[in-house]
Amino acid sequence: MSNFQANRYLVSFNTRTDLHQFTDVLIIGAGIAGIRAALEIPPELSVLVLNKDKLAESNSSYAQGGIAGVLSAEDRFENHIEDTHIAGAGLCDFDTVEMVVREAPSQISDLIRFGVKFDLENGELALTREGGHSHRRIVHALGDSTGHEVMRALLQKAKQSPNIVLQGETITIDFLTHEENCLGAIAWRKGVGRILIWAKAIILASGGCGMIYRETTNPPVATGDGMAAAWRAGAILQDMEFMQFHPTVLYVAGSSRSLISEAVRGEGGYLRDVNGVRFMLDADPRAELAPRDIVSRAIFKTMERTQHPNVYLDLSHLDPKLVLQRFPGIAKACSAFGIDITKDRIPVRPGAHYMIGGVHVDLRGHTNLPGLFAAGEVTSSGLHGANRLASNSLIEGLVYGTNCAREASNYALSNRQDFHAIPLKNQIHTPAESEILDVADLTNSLRSLMTRNMGIVRDRKRMLEAQRDVEFWSKYVLAREFQSRAGWELQNLLTVARLMIHAALTREESRGTHYRADFPETNDRNWKTHLRSPPRTDL
Ligand code: SIN
């Protein structure tokens, strides 16, 4: 299989016989970007929000650290802008950074208005620091469960809005397009089956693809469905080589790979190797608070040097009361494995955390497909450059969710008042020799391969090996029609993996999260640019 061949749609459908549903605005994804968008749409427009799992299950809900914004008298917008550019290693888009940073404080005020209870200190918003930030500017909630609290309040507000319908357990399989216009989506609802949903405007906010790696902080829903479906529909994707690895993921056999927030280092935690040495002091002048790409690589090298599968976070020199008050969730997750975070060292190693690449959007959230808007982790807005600054993602979801809701509303109100289903159909001819496929086994193999060959340190030889395997698997997986969520997710994971490996092989330099042992230098002359993914050709 070459030239990025893939079927246009993953499933057969027929507008004559399938079930239909109509809405003014369709939002795919119930994380922070999707729900913020829903709340911005005027009451005269009907809104349908789909989530493939339970409504509360999104990457946003698992965010620990917080939301960055210039909120203290000592801080300036210019500082936050500069920090974002430094972390982004020369690839951040100037207008995007400027817009998001300047809108952050008012977005945080809106959240408070929507009912989010951020942590306070002496009656003021408590602000913490994370890697790459020159000032304390991160608001947080419930200590280390910011995402949980933000999503609780946003979902509650959305549930009270008469024009918004929230629909869980409904996976979006593909976008319906005609002459490049996006007209709706093919979805599969538990207990109902396939539905064709037609909308005047569609907002994609389906999140990232961390599940493409074996070690990840992401929940199982993060399988890159939105990126893959948008690519099949003809949307432009870019920056797919930039997967951000979070430096500190709990590494205990038998535990889920829980995130250990960067705020732990922001509050003074140290990283030590197996011999107790604080190795970050030699790696970067900012030590534990260097940007994530630098800390993740230093951990990787330390694990190689010491031949030990992890490093350790040490909080034993900090006030135990403060530690327990700031990090109750982490304390609980660790105590389940007999680790007292006020005394014991926490075993950690890096894990896939945030996909920087995705569907290309402009400042207002337009994709290149009329009718399709996008916001949040599924996109590549240019905010994060080649390495996202900590706690800049929830704020991106809020700003872009708001922007694209306004654009989508105008589009829905003005452009296509007389919309209706149009005759479309698709028939997949699964090869006759198809055998039963062990989807879980293949998904695990893909995740292990990506962890081994497309991880923190990459080189051409190992990436070519990964490409060979992924292309081989794609040949028999992408050609067939599945009837299950796990099957469609595997097809989407493979699709995203192909685009990631292609981009990573193409970029022959090291920049931000993309580090190549065979091209260790940053090469601005040739590579200070975004890479667009190749388009699909028919199978
Ligand atoms: C963290 O708490 O370390 C995660 C914050 C982020 O990814 O922005």
# chains A, B, ... in the order shown; residues from 1 in each chain; ligands from 1
$ residues_near_ligand --ligand "ligand 1" --cutoff "7 Å" --atoms "only C-alpha atoms and all ligand atoms" --output "ChimeraX atom specification"
/A:63-66,260-263,389-393
$ residues_around --residues "region 184-196 of chain A" --least-positions-apart "2" --cutoff "7 Å" --atoms "only C-alpha atoms" --output "MDAnalysis selection string"
chainID A and resid 18:21 169:176 182 198:199 202
$ select_by_dssp --residues "region 233-430 of chain A" --states "alpha helix (DSSP H)" --output "PyMOL selection string"
chain A and resi 233+263-266+280-283+292-306+320-326+328-335+393-414
$ residues_around --residues "region 312-318 of chain A" --least-positions-apart "3" --cutoff "8 Å" --atoms "only C-alpha atoms" --output "list in words"
Gly268, Gly269, Tyr270, Leu271, Arg272, Asp273, Val274, Leu322, Val323, Ile341, Thr342, Lys343, Asp344, Arg345, Ile346, Pro347 and Val348 of chain A
$ write_last_selection --atoms "C-alpha atoms" --output "PDB file, in the first residue's frame"
ATOM      1  CA  GLY A 268       9.628  22.246  44.364  1.00  0.00           C
ATOM      2  CA  GLY A 269       9.781  18.481  43.708  1.00  0.00           C
ATOM      3  CA  TYR A 270      13.146  17.053  42.616  1.00  0.00           C
ATOM      4  CA  LEU A 271      13.925  14.411  40.026  1.00  0.00           C
ATOM      5  CA  ARG A 272      16.520  11.847  41.117  1.00  0.00           C
ATOM      6  CA  ASP A 273      18.089   8.873  39.396  1.00  0.00           C
ATOM      7  CA  VAL A 274      18.169   5.415  40.951  1.00  0.00           C
ATOM      8  CA  LEU A 322       1.354  21.432  51.725  1.00  0.00           C
ATOM      9  CA  VAL A 323       2.075  18.353  49.609  1.00  0.00           C
ATOM     10  CA  ILE A 341       4.425  10.853  48.546  1.00  0.00           C
ATOM     11  CA  THR A 342       5.486  12.959  51.533  1.00  0.00           C
ATOM     12  CA  LYS A 343       8.295  10.470  52.336  1.00  0.00           C
ATOM     13  CA  ASP A 344       8.805   7.916  49.554  1.00  0.00           C
ATOM     14  CA  ARG A 345      10.291   8.541  46.152  1.00  0.00           C
ATOM     15  CA  ILE A 346       7.728   8.172  43.354  1.00  0.00           C
ATOM     16  CA  PRO A 347       8.866   5.967  40.418  1.00  0.00           C
ATOM     17  CA  VAL A 348       8.174   7.807  37.154  1.00  0.00           C
TER      18      VAL A 348
END
$ residues_around --residues "Glu241 (chain A)" --least-positions-apart "2" --cutoff "10 Å" --atoms "only C-alpha atoms" --output "list in words"
Gln238, Asp239, Met243, Gln244, Met355, Ile356, Gly357, Gly358, Ala386, Met454, Ala497, Leu499, Met500, Ile501, His502, Ala503, Ala504, Leu505, Thr506, Arg507, Thr513, His514, Tyr515, His530, Leu531 and Ser533 of chain A
$ write_last_selection --atoms "N, CA, C and O atoms" --output "tab-separated table (two decimals), in the first residue's frame"
chain	number	residue	atom	x	y	z
A	238	GLN	N	-1.45	18.84	9.91
A	238	GLN	CA	-0.04	19.25	9.93
A	238	GLN	C	0.61	18.96	11.29
A	238	GLN	O	-0.07	18.67	12.27
A	239	ASP	N	1.94	19.02	11.30
A	239	ASP	CA	2.75	18.86	12.53
A	239	ASP	C	2.57	17.50	13.20
A	239	ASP	O	2.69	17.38	14.43
A	243	MET	N	4.53	14.61	18.89
A	243	MET	CA	3.80	14.05	20.03
A	243	MET	C	4.56	14.46	21.29
A	243	MET	O	5.77	14.22	21.40
A	244	GLN	N	3.86	15.09	22.21
A	244	GLN	CA	4.54	15.51	23.44
A	244	GLN	C	4.52	14.39	24.48
A	244	GLN	O	3.46	13.83	24.77
A	355	MET	N	-0.98	15.40	21.75
A	355	MET	CA	-0.65	15.46	20.34
A	355	MET	C	-0.69	16.92	19.88
A	355	MET	O	-1.73	17.57	19.92
A	356	ILE	N	0.47	17.39	19.46
A	356	ILE	CA	0.56	18.79	19.02
A	356	ILE	C	0.00	18.94	17.59
A	356	ILE	O	-0.64	19.93	17.26
A	357	GLY	N	0.25	17.93	16.76
A	357	GLY	CA	-0.25	18.00	15.39
A	357	GLY	C	-1.73	17.71	15.31
A	357	GLY	O	-2.34	17.27	16.29
A	358	GLY	N	-2.30	17.96	14.14
A	358	GLY	CA	-3.72	17.68	13.95
A	358	GLY	C	-4.28	18.45	12.78
A	358	GLY	O	-3.55	18.85	11.87
A	386	ALA	N	6.58	23.38	18.36
A	386	ALA	CA	7.10	22.01	18.34
A	386	ALA	C	7.09	21.39	19.73
A	386	ALA	O	7.53	20.26	19.91
A	454	MET	N	9.03	5.01	17.72
A	454	MET	CA	8.62	6.39	17.41
A	454	MET	C	8.50	7.18	18.71
A	454	MET	O	7.64	8.03	18.85
A	497	ALA	N	-0.99	6.76	12.87
A	497	ALA	CA	0.40	6.28	12.96
A	497	ALA	C	1.12	6.47	11.63
A	497	ALA	O	2.27	6.91	11.58
A	499	LEU	N	0.57	8.70	9.37
A	499	LEU	CA	0.85	10.13	9.14
A	499	LEU	C	1.97	10.61	10.06
A	499	LEU	O	2.83	11.41	9.67
A	500	MET	N	1.98	10.09	11.29
A	500	MET	CA	3.03	10.50	12.24
A	500	MET	C	4.41	10.03	11.77
A	500	MET	O	5.39	10.78	11.80
A	501	ILE	N	4.48	8.76	11.37
A	501	ILE	CA	5.78	8.21	10.97
A	501	ILE	C	6.28	8.93	9.71
A	501	ILE	O	7.46	9.28	9.60
A	502	HIS	N	5.37	9.17	8.79
A	502	HIS	CA	5.77	9.87	7.56
A	502	HIS	C	6.36	11.24	7.89
A	502	HIS	O	7.40	11.63	7.38
A	503	ALA	N	5.68	11.98	8.76
A	503	ALA	CA	6.16	13.33	9.11
A	503	ALA	C	7.50	13.26	9.85
A	503	ALA	O	8.41	14.05	9.60
A	504	ALA	N	7.61	12.28	10.75
A	504	ALA	CA	8.84	12.17	11.55
A	504	ALA	C	10.03	11.77	10.67
A	504	ALA	O	11.16	12.23	10.90
A	505	LEU	N	9.79	10.95	9.66
A	505	LEU	CA	10.87	10.59	8.73
A	505	LEU	C	11.25	11.79	7.86
A	505	LEU	O	12.42	12.00	7.53
A	506	THR	N	10.26	12.57	7.51
A	506	THR	CA	10.51	13.72	6.62
A	506	THR	C	11.34	14.79	7.32
A	506	THR	O	12.27	15.35	6.74
A	507	ARG	N	11.04	15.07	8.59
A	507	ARG	CA	11.73	16.17	9.29
A	507	ARG	C	13.12	15.69	9.74
A	507	ARG	O	13.26	15.06	10.79
A	513	THR	N	9.60	18.41	20.60
A	513	THR	CA	9.35	17.03	21.01
A	513	THR	C	9.91	16.00	20.03
A	513	THR	O	9.90	14.81	20.32
A	514	HIS	N	10.31	16.46	18.85
A	514	HIS	CA	10.81	15.53	17.81
A	514	HIS	C	12.33	15.51	17.86
A	514	HIS	O	12.99	16.43	17.38
A	515	TYR	N	12.89	14.45	18.46
A	515	TYR	CA	14.35	14.37	18.60
A	515	TYR	C	14.85	13.19	17.79
A	515	TYR	O	14.42	12.05	17.99
A	530	HIS	N	6.08	24.30	9.09
A	530	HIS	CA	5.13	23.23	9.42
A	530	HIS	C	5.10	22.22	8.26
A	530	HIS	O	5.21	22.61	7.10
A	531	LEU	N	4.91	20.95	8.60
A	531	LEU	CA	4.81	19.92	7.56
A	531	LEU	C	3.36	19.49	7.43
A	531	LEU	O	2.75	19.06	8.40
A	533	SER	N	0.43	16.95	6.09
A	533	SER	CA	0.33	15.52	5.80
A	533	SER	C	-0.08	15.30	4.36
A	533	SER	O	-0.83	16.10	3.80
$ closest_residue --among "A:Arg462, A:Arg406, A:Arg286, A:Lys52" --to "Met450 (chain A)" --atoms "only C-alpha atoms"
A:Arg462
$ atom_distance --atom1 "CA of Ile112 (chain A)" --atom2 "CA of Ala158 (chain A)"
14.7 Å
$ closest_residue --among "A:Ile428, A:Ile35, A:Ala375, A:Cys404" --to "Ala205 (chain A)" --atoms "only C-alpha atoms"
A:Ala375
$ residues_around --residues "His353 (chain A)" --least-positions-apart "3" --cutoff "8 Å" --atoms "only C-alpha atoms" --output "list in words"
Gly210, Thr216, Thr217, Asn218, Met243, Gln244, Phe245 and His246 of chain A
$ residues_around --residues "Val139 (chain A)" --least-positions-apart "3" --cutoff "7 Å" --atoms "only C-alpha atoms" --output "mmCIF file with N, CA, C and O atoms, in the first residue's frame"
data_model
loop_
_atom_site.group_PDB
_atom_site.id
_atom_site.type_symbol
_atom_site.label_atom_id
_atom_site.label_comp_id
_atom_site.auth_asym_id
_atom_site.auth_seq_id
_atom_site.Cartn_x
_atom_site.Cartn_y
_atom_site.Cartn_z
ATOM 1 N N GLY A 66 -3.502 22.497 35.426
ATOM 2 C CA GLY A 66 -4.353 23.656 35.452
ATOM 3 C C GLY A 66 -4.438 24.403 34.144
ATOM 4 O O GLY A 66 -4.213 23.845 33.076
ATOM 5 N N ILE A 67 -4.750 25.696 34.280
ATOM 6 C CA ILE A 67 -4.976 26.551 33.116
ATOM 7 C C ILE A 67 -4.088 27.779 33.263
ATOM 8 O O ILE A 67 -4.130 28.476 34.280
ATOM 9 N N ALA A 68 -3.291 28.057 32.219
ATOM 10 C CA ALA A 68 -2.344 29.180 32.298
ATOM 11 C C ALA A 68 -3.016 30.477 31.859
ATOM 12 O O ALA A 68 -3.779 30.501 30.898
ATOM 13 N N PHE A 118 -12.155 27.352 41.461
ATOM 14 C CA PHE A 118 -10.696 27.222 41.473
ATOM 15 C C PHE A 118 -10.192 27.334 42.904
ATOM 16 O O PHE A 118 -10.838 27.958 43.766
ATOM 17 N N LEU A 125 -7.210 33.906 43.614
ATOM 18 C CA LEU A 125 -6.907 32.672 42.883
ATOM 19 C C LEU A 125 -5.500 32.206 43.232
ATOM 20 O O LEU A 125 -4.550 33.002 43.175
ATOM 21 N N ALA A 126 -5.371 30.945 43.612
ATOM 22 C CA ALA A 126 -4.028 30.399 43.905
ATOM 23 C C ALA A 126 -3.345 30.102 42.570
ATOM 24 O O ALA A 126 -3.947 29.501 41.681
ATOM 25 N N LEU A 127 -2.105 30.537 42.436
ATOM 26 C CA LEU A 127 -1.383 30.350 41.168
ATOM 27 C C LEU A 127 -0.174 29.474 41.397
ATOM 28 O O LEU A 127 0.607 29.709 42.320
ATOM 29 N N THR A 128 0.001 28.476 40.512
ATOM 30 C CA THR A 128 1.197 27.647 40.623
ATOM 31 C C THR A 128 2.073 27.835 39.392
ATOM 32 O O THR A 128 1.729 28.586 38.469
#
$ closest_residue --among "A:Pro247, A:Pro520, A:Gly88, A:Gly234" --to "Ser296 (chain A)" --atoms "only C-alpha atoms"
A:Pro247
$ residues_around --residues "region 362-365 of chain A" --least-positions-apart "2" --cutoff "6 Å" --atoms "only C-alpha atoms" --output "list in words"
Phe373, Ala374, Asn403 and Cys404 of chain A
$ closest_residue --among "A:Arg76, A:Arg498, A:Lys200, A:Arg102" --to "Ala421 (chain A)" --atoms "only C-alpha atoms"
A:Lys200
$ atom_distance --atom1 "CA of Gly131 (chain A)" --atom2 "CA of Asn526 (chain A)"
28.4 Å
$ closest_residue --among "A:Ala89, A:Leu154, A:Glu44, A:Pro162" --to "Gly132 (chain A)" --atoms "only C-alpha atoms"
A:Ala89
$ closest_residue --among "A:Thr146, A:Gly401, A:Pro43, A:Asn51" --to "Gln160 (chain A)" --atoms "only C-alpha atoms"
A:Pro43
